[in-house]
file start_15.txt (compact mmCIF, N, CA and C atoms and all ligand atoms)
# COMPACT_ATOMS: atom_id res chain seq x y z
N MET E 803 0.83 -1.21 0.00
CA MET E 803 0.00 0.00 0.00
C MET E 803 0.86 1.26 0.00
N TYR E 804 1.71 1.34 0.99
CA TYR E 804 2.57 2.51 1.09
C TYR E 804 3.47 2.66 -0.13
N PHE E 805 4.01 1.49 -0.53
CA PHE E 805 4.92 1.52 -1.68
C PHE E 805 4.23 2.04 -2.92
N CYS E 806 2.97 1.56 -3.05
CA CYS E 806 2.19 1.98 -4.20
C CYS E 806 2.05 3.49 -4.23
N LYS E 807 1.71 4.04 -3.12
CA LYS E 807 1.49 5.47 -3.01
C LYS E 807 2.79 6.23 -3.31
N ARG E 808 3.83 5.69 -2.69
CA ARG E 808 5.13 6.32 -2.86
C ARG E 808 5.55 6.38 -4.33
N LYS E 809 5.28 5.27 -4.98
CA LYS E 809 5.68 5.18 -6.37
C LYS E 809 4.97 6.24 -7.23
N SER E 810 3.70 6.41 -6.94
CA SER E 810 2.95 7.39 -7.72
C SER E 810 3.46 8.81 -7.47
N ILE E 811 3.90 9.04 -6.24
CA ILE E 811 4.46 10.36 -5.93
C ILE E 811 5.77 10.57 -6.69
N ASP E 812 6.56 9.50 -6.75
CA ASP E 812 7.83 9.58 -7.45
C ASP E 812 7.64 9.93 -8.92
N THR E 813 6.66 9.30 -9.54
CA THR E 813 6.40 9.59 -10.95
C THR E 813 6.01 11.05 -11.13
N ASN E 814 5.23 11.51 -10.19
CA ASN E 814 4.82 12.91 -10.24
C ASN E 814 6.03 13.84 -10.13
N ASP E 815 6.89 13.49 -9.20
CA ASP E 815 8.10 14.29 -9.00
C ASP E 815 8.96 14.31 -10.26
N MET E 816 9.01 13.14 -10.90
CA MET E 816 9.77 13.06 -12.13
C MET E 816 9.22 14.00 -13.19
N LYS E 817 7.90 14.01 -13.26
CA LYS E 817 7.24 14.88 -14.25
C LYS E 817 7.55 16.33 -13.94
N LYS E 818 7.47 16.66 -12.65
CA LYS E 818 7.76 18.03 -12.23
C LYS E 818 9.19 18.41 -12.59
N LEU E 819 10.08 17.45 -12.36
CA LEU E 819 11.49 17.69 -12.63
C LEU E 819 11.74 17.92 -14.12
N LEU E 820 11.08 17.08 -14.92
CA LEU E 820 11.23 17.21 -16.37
C LEU E 820 10.69 18.56 -16.84
N PHE E 821 9.56 18.91 -16.26
CA PHE E 821 8.93 20.20 -16.59
C PHE E 821 9.88 21.34 -16.25
N LEU E 822 10.45 21.25 -15.07
CA LEU E 822 11.38 22.28 -14.59
C LEU E 822 12.59 22.38 -15.52
N ALA E 823 13.09 21.20 -15.92
CA ALA E 823 14.26 21.17 -16.80
C ALA E 823 13.93 21.83 -18.13
N ALA E 824 12.74 21.54 -18.64
CA ALA E 824 12.30 22.13 -19.91
C ALA E 824 12.18 23.64 -19.77
N MET E 825 11.63 24.07 -18.64
CA MET E 825 11.46 25.50 -18.40
C MET E 825 12.82 26.20 -18.36
N LEU E 826 13.75 25.56 -17.66
CA LEU E 826 15.09 26.15 -17.54
C LEU E 826 15.76 26.27 -18.89
N LEU E 827 15.58 25.25 -19.70
CA LEU E 827 16.16 25.23 -21.03
C LEU E 827 15.61 26.39 -21.87
N MET E 828 14.30 26.54 -21.79
CA MET E 828 13.66 27.61 -22.56
C MET E 828 14.09 28.97 -22.06
N ALA E 829 14.16 29.10 -20.74
CA ALA E 829 14.57 30.36 -20.15
C ALA E 829 16.00 30.69 -20.58
N GLY E 830 16.84 29.65 -20.62
CA GLY E 830 18.22 29.85 -21.02
C GLY E 830 18.33 30.36 -22.44
N MET E 831 17.48 29.87 -23.31
CA MET E 831 17.54 30.28 -24.70
C MET E 831 17.01 31.70 -24.89
N ALA E 832 15.97 32.02 -24.13
CA ALA E 832 15.37 33.34 -24.28
C ALA E 832 16.11 34.38 -23.45
N ASN E 833 17.04 33.93 -22.65
CA ASN E 833 17.72 34.83 -21.74
C ASN E 833 18.73 35.72 -22.45
N ALA E 834 18.37 36.95 -22.65
CA ALA E 834 19.30 37.91 -23.23
C ALA E 834 19.57 38.96 -22.17
N LYS E 835 20.81 39.37 -22.08
CA LYS E 835 21.11 40.40 -21.09
C LYS E 835 21.51 41.67 -21.82
N VAL E 836 20.55 42.54 -21.99
CA VAL E 836 20.78 43.76 -22.75
C VAL E 836 21.15 44.90 -21.80
N VAL E 837 22.26 45.53 -22.10
CA VAL E 837 22.70 46.65 -21.28
C VAL E 837 22.91 47.88 -22.16
N GLU E 838 22.92 49.02 -21.52
CA GLU E 838 23.19 50.27 -22.22
C GLU E 838 24.39 50.93 -21.56
N LYS E 839 25.40 51.22 -22.37
CA LYS E 839 26.61 51.83 -21.81
C LYS E 839 27.18 52.85 -22.78
N THR E 840 27.95 53.77 -22.23
CA THR E 840 28.55 54.83 -23.03
C THR E 840 30.07 54.73 -22.96
N PHE E 841 30.70 54.90 -24.12
CA PHE E 841 32.16 54.78 -24.19
C PHE E 841 32.75 55.98 -24.91
N THR E 842 33.98 56.27 -24.59
CA THR E 842 34.68 57.36 -25.26
C THR E 842 35.18 56.86 -26.61
N VAL E 843 34.74 57.54 -27.67
CA VAL E 843 35.20 57.22 -29.02
C VAL E 843 35.54 58.53 -29.69
N ARG E 844 36.73 58.58 -30.32
CA ARG E 844 37.14 59.81 -30.97
C ARG E 844 36.62 59.85 -32.40
N GLY E 845 36.26 61.06 -32.80
CA GLY E 845 35.80 61.23 -34.16
C GLY E 845 35.71 62.72 -34.41
N HIS E 846 35.47 63.14 -35.66
CA HIS E 846 35.48 64.57 -35.89
C HIS E 846 34.35 65.13 -36.72
N CYS E 847 33.78 64.36 -37.63
CA CYS E 847 32.74 64.94 -38.46
C CYS E 847 31.57 63.97 -38.65
N GLY E 848 30.64 64.36 -39.46
CA GLY E 848 29.46 63.53 -39.69
C GLY E 848 29.79 62.19 -40.33
N MET E 849 30.84 62.21 -41.15
CA MET E 849 31.27 60.96 -41.77
C MET E 849 31.77 59.98 -40.71
N CYS E 850 32.52 60.53 -39.78
CA CYS E 850 33.03 59.70 -38.67
C CYS E 850 31.84 59.09 -37.94
N LYS E 851 30.89 59.94 -37.63
CA LYS E 851 29.70 59.50 -36.89
C LYS E 851 29.00 58.35 -37.61
N ASN E 852 28.80 58.55 -38.94
CA ASN E 852 28.16 57.51 -39.74
C ASN E 852 28.91 56.19 -39.69
N ARG E 853 30.22 56.29 -39.89
CA ARG E 853 31.01 55.06 -39.94
C ARG E 853 31.04 54.35 -38.59
N ILE E 854 31.17 55.15 -37.53
CA ILE E 854 31.22 54.56 -36.19
C ILE E 854 29.89 53.84 -35.89
N GLU E 855 28.80 54.52 -36.22
CA GLU E 855 27.48 53.92 -35.93
C GLU E 855 27.23 52.70 -36.81
N THR E 856 27.66 52.78 -38.06
CA THR E 856 27.44 51.65 -38.97
C THR E 856 28.20 50.41 -38.52
N VAL E 857 29.46 50.59 -38.16
CA VAL E 857 30.24 49.43 -37.74
C VAL E 857 29.73 48.88 -36.40
N ALA E 858 29.25 49.79 -35.55
CA ALA E 858 28.73 49.34 -34.24
C ALA E 858 27.42 48.56 -34.41
N THR E 859 26.49 49.13 -35.17
CA THR E 859 25.21 48.43 -35.34
C THR E 859 25.35 47.19 -36.20
N GLY E 860 26.42 47.15 -37.00
CA GLY E 860 26.66 45.97 -37.83
C GLY E 860 27.29 44.83 -37.04
N SER E 861 27.66 45.09 -35.79
CA SER E 861 28.25 44.05 -34.96
C SER E 861 27.16 43.18 -34.35
N GLU E 862 27.43 41.90 -34.31
CA GLU E 862 26.47 40.95 -33.75
C GLU E 862 26.19 41.31 -32.29
N GLY E 863 24.92 41.32 -31.93
CA GLY E 863 24.55 41.56 -30.53
C GLY E 863 24.30 43.01 -30.18
N VAL E 864 24.61 43.91 -31.13
CA VAL E 864 24.38 45.34 -30.87
C VAL E 864 23.00 45.73 -31.39
N GLN E 865 22.21 46.31 -30.52
CA GLN E 865 20.86 46.68 -30.92
C GLN E 865 20.74 48.15 -31.28
N GLU E 866 21.56 48.96 -30.63
CA GLU E 866 21.49 50.39 -30.88
C GLU E 866 22.86 51.00 -30.70
N ALA E 867 23.17 51.98 -31.54
CA ALA E 867 24.42 52.71 -31.39
C ALA E 867 24.18 54.15 -31.78
N ALA E 868 24.53 55.06 -30.89
CA ALA E 868 24.36 56.48 -31.18
C ALA E 868 25.63 57.21 -30.78
N TYR E 869 26.23 57.87 -31.78
CA TYR E 869 27.48 58.58 -31.51
C TYR E 869 27.22 60.07 -31.33
N ASP E 870 27.81 60.61 -30.29
CA ASP E 870 27.69 62.02 -30.00
C ASP E 870 29.05 62.68 -30.25
N LEU E 871 29.12 63.43 -31.36
CA LEU E 871 30.39 64.07 -31.76
C LEU E 871 30.87 65.04 -30.69
N GLN E 872 29.96 65.87 -30.22
CA GLN E 872 30.30 66.90 -29.24
C GLN E 872 30.90 66.29 -27.98
N ALA E 873 30.27 65.24 -27.52
CA ALA E 873 30.71 64.59 -26.28
C ALA E 873 31.81 63.56 -26.52
N GLN E 874 32.07 63.27 -27.82
CA GLN E 874 33.05 62.22 -28.17
C GLN E 874 32.70 60.92 -27.46
N SER E 875 31.42 60.60 -27.50
CA SER E 875 31.02 59.38 -26.80
C SER E 875 30.02 58.57 -27.62
N LEU E 876 30.09 57.30 -27.44
CA LEU E 876 29.22 56.37 -28.16
C LEU E 876 28.35 55.63 -27.15
N ARG E 877 27.04 55.71 -27.38
CA ARG E 877 26.11 54.99 -26.51
C ARG E 877 25.74 53.69 -27.21
N LEU E 878 25.97 52.60 -26.52
CA LEU E 878 25.69 51.29 -27.10
C LEU E 878 24.61 50.57 -26.30
N VAL E 879 23.71 49.94 -27.02
CA VAL E 879 22.74 49.03 -26.40
C VAL E 879 23.05 47.66 -26.97
N TYR E 880 23.51 46.74 -26.11
CA TYR E 880 23.94 45.45 -26.64
C TYR E 880 23.65 44.32 -25.66
N ASP E 881 23.67 43.13 -26.23
CA ASP E 881 23.38 41.92 -25.46
C ASP E 881 24.70 41.31 -24.98
N THR E 882 24.90 41.31 -23.67
CA THR E 882 26.17 40.81 -23.14
C THR E 882 26.29 39.29 -23.27
N LYS E 883 25.18 38.63 -23.62
CA LYS E 883 25.25 37.18 -23.83
C LYS E 883 25.81 36.87 -25.22
N VAL E 884 25.76 37.88 -26.09
CA VAL E 884 26.18 37.67 -27.48
C VAL E 884 27.52 38.33 -27.77
N THR E 885 27.72 39.50 -27.19
CA THR E 885 28.93 40.26 -27.49
C THR E 885 29.44 40.95 -26.25
N SER E 886 30.54 41.65 -26.39
CA SER E 886 31.06 42.45 -25.28
C SER E 886 31.42 43.83 -25.83
N ALA E 887 31.48 44.79 -24.94
CA ALA E 887 31.82 46.15 -25.37
C ALA E 887 33.19 46.16 -26.05
N ASN E 888 34.12 45.40 -25.52
CA ASN E 888 35.47 45.38 -26.09
C ASN E 888 35.48 44.88 -27.53
N LYS E 889 34.64 43.90 -27.81
CA LYS E 889 34.55 43.38 -29.17
C LYS E 889 34.12 44.48 -30.13
N VAL E 890 33.11 45.24 -29.71
CA VAL E 890 32.57 46.30 -30.56
C VAL E 890 33.58 47.44 -30.69
N LEU E 891 34.19 47.82 -29.58
CA LEU E 891 35.16 48.92 -29.60
C LEU E 891 36.38 48.58 -30.45
N LYS E 892 36.76 47.34 -30.41
CA LYS E 892 37.89 46.87 -31.21
C LYS E 892 37.59 47.05 -32.70
N ARG E 893 36.37 46.72 -33.08
CA ARG E 893 35.96 46.87 -34.49
C ARG E 893 35.99 48.33 -34.91
N ILE E 894 35.60 49.21 -33.99
CA ILE E 894 35.58 50.65 -34.30
C ILE E 894 37.02 51.15 -34.46
N ALA E 895 37.89 50.71 -33.57
CA ALA E 895 39.30 51.11 -33.65
C ALA E 895 39.90 50.62 -34.97
N ALA E 896 39.46 49.44 -35.42
CA ALA E 896 40.00 48.83 -36.64
C ALA E 896 39.69 49.66 -37.88
N ILE E 897 38.63 50.50 -37.83
CA ILE E 897 38.34 51.32 -39.00
C ILE E 897 38.87 52.75 -38.84
N GLY E 898 39.61 52.99 -37.77
CA GLY E 898 40.32 54.26 -37.67
C GLY E 898 39.98 55.18 -36.52
N TYR E 899 39.08 54.73 -35.65
CA TYR E 899 38.68 55.62 -34.57
C TYR E 899 39.04 55.05 -33.20
N ASP E 900 39.82 55.82 -32.45
CA ASP E 900 40.18 55.39 -31.10
C ASP E 900 38.90 55.17 -30.30
N ALA E 901 38.79 53.98 -29.74
CA ALA E 901 37.56 53.63 -29.02
C ALA E 901 37.92 52.95 -27.70
N GLY E 902 37.49 53.56 -26.62
CA GLY E 902 37.79 53.00 -25.31
C GLY E 902 39.29 52.83 -25.14
N ARG E 903 39.71 51.62 -24.79
CA ARG E 903 41.16 51.41 -24.61
C ARG E 903 41.85 50.95 -25.88
N PHE E 904 41.09 50.92 -26.98
CA PHE E 904 41.69 50.50 -28.25
C PHE E 904 42.07 51.69 -29.11
N LYS E 905 43.32 51.69 -29.55
CA LYS E 905 43.80 52.76 -30.41
C LYS E 905 43.74 52.29 -31.86
N ALA E 906 43.30 53.19 -32.73
CA ALA E 906 43.25 52.85 -34.15
C ALA E 906 44.67 52.70 -34.68
N PRO E 907 44.90 51.71 -35.55
CA PRO E 907 46.24 51.56 -36.15
C PRO E 907 46.60 52.83 -36.93
N LYS E 908 47.86 53.23 -36.82
CA LYS E 908 48.33 54.47 -37.43
C LYS E 908 47.99 54.55 -38.92
N GLU E 909 48.27 53.46 -39.66
CA GLU E 909 48.06 53.50 -41.11
C GLU E 909 46.57 53.61 -41.46
N VAL E 910 45.72 53.01 -40.64
CA VAL E 910 44.29 53.11 -40.91
C VAL E 910 43.82 54.53 -40.63
N TYR E 911 44.31 55.07 -39.52
CA TYR E 911 43.95 56.44 -39.16
C TYR E 911 44.39 57.42 -40.25
N GLU E 912 45.60 57.25 -40.73
CA GLU E 912 46.14 58.18 -41.72
C GLU E 912 45.42 58.07 -43.06
N ALA E 913 44.78 56.96 -43.32
CA ALA E 913 44.04 56.79 -44.57
C ALA E 913 42.67 57.46 -44.52
N LEU E 914 42.27 57.94 -43.36
CA LEU E 914 40.98 58.62 -43.25
C LEU E 914 41.05 59.98 -43.96
N GLU E 915 39.89 60.51 -44.35
CA GLU E 915 39.85 61.82 -44.96
C GLU E 915 40.44 62.85 -43.99
N PRO E 916 41.05 63.92 -44.55
CA PRO E 916 41.68 64.93 -43.69
C PRO E 916 40.73 65.49 -42.62
N CYS E 917 39.45 65.62 -42.97
CA CYS E 917 38.52 66.21 -42.02
C CYS E 917 38.25 65.29 -40.84
N CYS E 918 38.68 64.06 -40.97
CA CYS E 918 38.43 63.10 -39.89
C CYS E 918 39.62 62.96 -38.95
N HIS E 919 40.67 63.69 -39.22
CA HIS E 919 41.88 63.52 -38.42
C HIS E 919 41.78 64.20 -37.05
N TYR E 920 41.04 63.53 -36.21
CA TYR E 920 40.76 64.07 -34.87
C TYR E 920 42.01 64.22 -34.01
N ARG E 921 43.05 63.46 -34.32
CA ARG E 921 44.25 63.56 -33.49
C ARG E 921 44.98 64.87 -33.70
N GLU E 922 44.90 65.39 -34.96
CA GLU E 922 45.57 66.66 -35.25
C GLU E 922 44.73 67.83 -34.76
N ILE E 923 43.43 67.67 -34.86
CA ILE E 923 42.53 68.76 -34.51
C ILE E 923 42.19 68.68 -33.04
N GLU E 924 43.04 69.26 -32.23
CA GLU E 924 42.81 69.17 -30.80
C GLU E 924 41.86 70.26 -30.31
N GLY E 925 41.32 71.01 -31.28
CA GLY E 925 40.36 72.06 -30.91
C GLY E 925 39.13 71.49 -30.25
N VAL E 926 38.80 70.28 -30.59
CA VAL E 926 37.66 69.64 -29.96
C VAL E 926 38.13 69.14 -28.59
N ASN E 927 37.99 70.02 -27.64
CA ASN E 927 38.45 69.69 -26.30
C ASN E 927 37.43 68.80 -25.62
N ASP E 928 37.93 67.87 -24.85
CA ASP E 928 37.01 66.95 -24.17
C ASP E 928 36.15 67.68 -23.14
N HIS E 929 36.75 68.68 -22.52
CA HIS E 929 35.97 69.42 -21.53
C HIS E 929 36.01 70.90 -21.89
N ASP E 930 35.82 71.77 -20.98
CA ASP E 930 35.79 73.23 -21.16
C ASP E 930 34.61 73.68 -22.01
N HIS E 931 34.65 73.43 -23.33
CA HIS E 931 33.57 73.91 -24.18
C HIS E 931 32.45 72.90 -24.23
N GLY E 932 31.29 73.36 -23.88
CA GLY E 932 30.16 72.47 -23.97
C GLY E 932 29.57 72.48 -25.36
N HIS E 933 29.78 73.57 -26.11
CA HIS E 933 29.04 73.70 -27.35
C HIS E 933 29.87 73.88 -28.60
N GLY E 934 31.14 73.62 -28.50
CA GLY E 934 31.97 73.71 -29.70
C GLY E 934 32.21 75.14 -30.15
N GLU E 935 31.48 76.06 -29.61
CA GLU E 935 31.66 77.47 -29.89
C GLU E 935 32.79 77.96 -28.97
N GLY E 936 33.26 79.16 -29.20
CA GLY E 936 34.19 79.74 -28.25
C GLY E 936 35.62 79.26 -28.36
N HIS E 937 35.99 78.76 -29.52
CA HIS E 937 37.40 78.47 -29.72
C HIS E 937 38.08 79.78 -30.11
N HIS E 938 39.21 80.03 -29.55
CA HIS E 938 39.91 81.26 -29.93
C HIS E 938 41.16 80.88 -30.70
N HIS E 939 40.99 80.77 -32.00
CA HIS E 939 42.12 80.40 -32.83
C HIS E 939 42.85 81.64 -33.28
N ALA E 940 44.09 81.79 -32.88
CA ALA E 940 44.91 82.88 -33.37
C ALA E 940 45.49 82.42 -34.70
N GLU E 941 45.04 83.07 -35.78
CA GLU E 941 45.51 82.66 -37.11
C GLU E 941 46.87 83.26 -37.40
CU CU E 1001 35.16 62.44 -40.26

call {"tool": "encode", "arguments": {"input": "start_15.txt", "output": "structure tokens"}}
result
Amino acid sequence: MYFCKRKSIDTNDMKKLLFLAAMLLMAGMANAKVVEKTFTVRGHCGMCKNRIETVATGSEGVQEAAYDLQAQSLRLVYDTKVTSANKVLKRIAAIGYDAGRFKAPKEVYEALEPCCHYREIEGVNDHDHGHGEGHHHAE
């Protein structure tokens, strides 16, 4: 009698366990960890902005990329289960723009259009000017 009852409980437990395992599996597959972060990326003109955003959004796992020229910063929305910020920043550096701790290779940087040479144009100060106005260039 007791054994019979016990056995039926065990089968039930097994079913519950299987159900739980299936649930975990599904949760694991649907589990995306999307974060939003901002990184320092150098650039100088609208072309830079376009290229930076294109390469960022073209990276696997990146859902959104918005580059702010004035702030020299890139806002990324990405899935940390698929990619990492370093992976994306590395790709940006590879096309000529210093990104985070990655420096663009010299030859790639030098191949950029003159207007994109942010390293020479230090007028875009990281701080001090909030609006890009108010540079006092003595010609
Ligand atoms: Cu440019």

call {"tool": "residues_around", "arguments": {"input": "start_15.txt", "residues": "region 880-889 of chain E", "least_positions_apart": "4", "cutoff": "6 Å", "atoms": "only N, CA and C atoms", "output": "PyMOL selection string"}}
result
chain E and resi 834-838+862-866+893

call {"tool": "residues_near_ligand", "arguments": {"input": "start_15.txt", "ligand": "ligand CU 1001 (chain E)", "cutoff": "7 Å", "atoms": "all atoms listed in the file", "output": "ChimeraX atom specification"}}
result
/E:845-851,915-919

call {"tool": "closest_residue", "arguments": {"input": "start_15.txt", "among": "E:Leu876, E:Asn852, E:Phe904, E:Lys817", "to": "Lys892 (chain E)", "atoms": "all atoms listed in the file"}}
result
E:Phe904

call {"tool": "atom_distance", "arguments": {"input": "start_15.txt", "atom1": "CA of Lys839 (chain E)", "atom2": "CA of Ile923 (chain E)"}}
result
26.5 Å

call {"tool": "select_by_dssp", "arguments": {"input": "start_15.txt", "residues": "region 812-935 of chain E", "states": "helix (DSSP H, G or I)", "output": "ChimeraX atom specification"}}
result
/E:812-832,848-859,887-896,908-912,916-918

call {"tool": "residues_near_point", "arguments": {"input": "start_15.txt", "point": "(27.3, 56.4, -30.3)", "cutoff": "6 Å", "atoms": "all atoms listed in the file", "output": "list of chain:residue names"}}
result
E:Ala867, E:Ala868, E:Tyr869, E:Asp870, E:Ser875, E:Leu876, E:Arg877, E:Leu878

call {"tool": "atom_distance", "arguments": {"input": "start_15.txt", "atom1": "CA of Val890 (chain E)", "atom2": "CA of Val843 (chain E)"}}
result
11.3 Å

call {"tool": "residues_around", "arguments": {"input": "start_15.txt", "residues": "Ala895 (chain E)", "least_positions_apart": "6", "cutoff": "6.5 Å", "atoms": "only N, CA and C atoms", "output": "ChimeraX atom specification"}}
result
/E:901,904-907

call {"tool": "atom_distance", "arguments": {"input": "start_15.txt", "atom1": "CA of Gly902 (chain E)", "atom2": "CA of Thr842 (chain E)"}}
result
5.4 Å

call {"tool": "closest_residue", "arguments": {"input": "start_15.txt", "among": "E:Asn814, E:Thr840, E:Asn833, E:Ser861", "to": "Ile894 (chain E)", "atoms": "only C-alpha atoms"}}
result
E:Ser861

call {"tool": "select_by_dssp", "arguments": {"input": "start_15.txt", "residues": "region 875-907 of chain E", "states": "strand (DSSP E)", "output": "NGL selection string"}}
result
:E and (875-881)
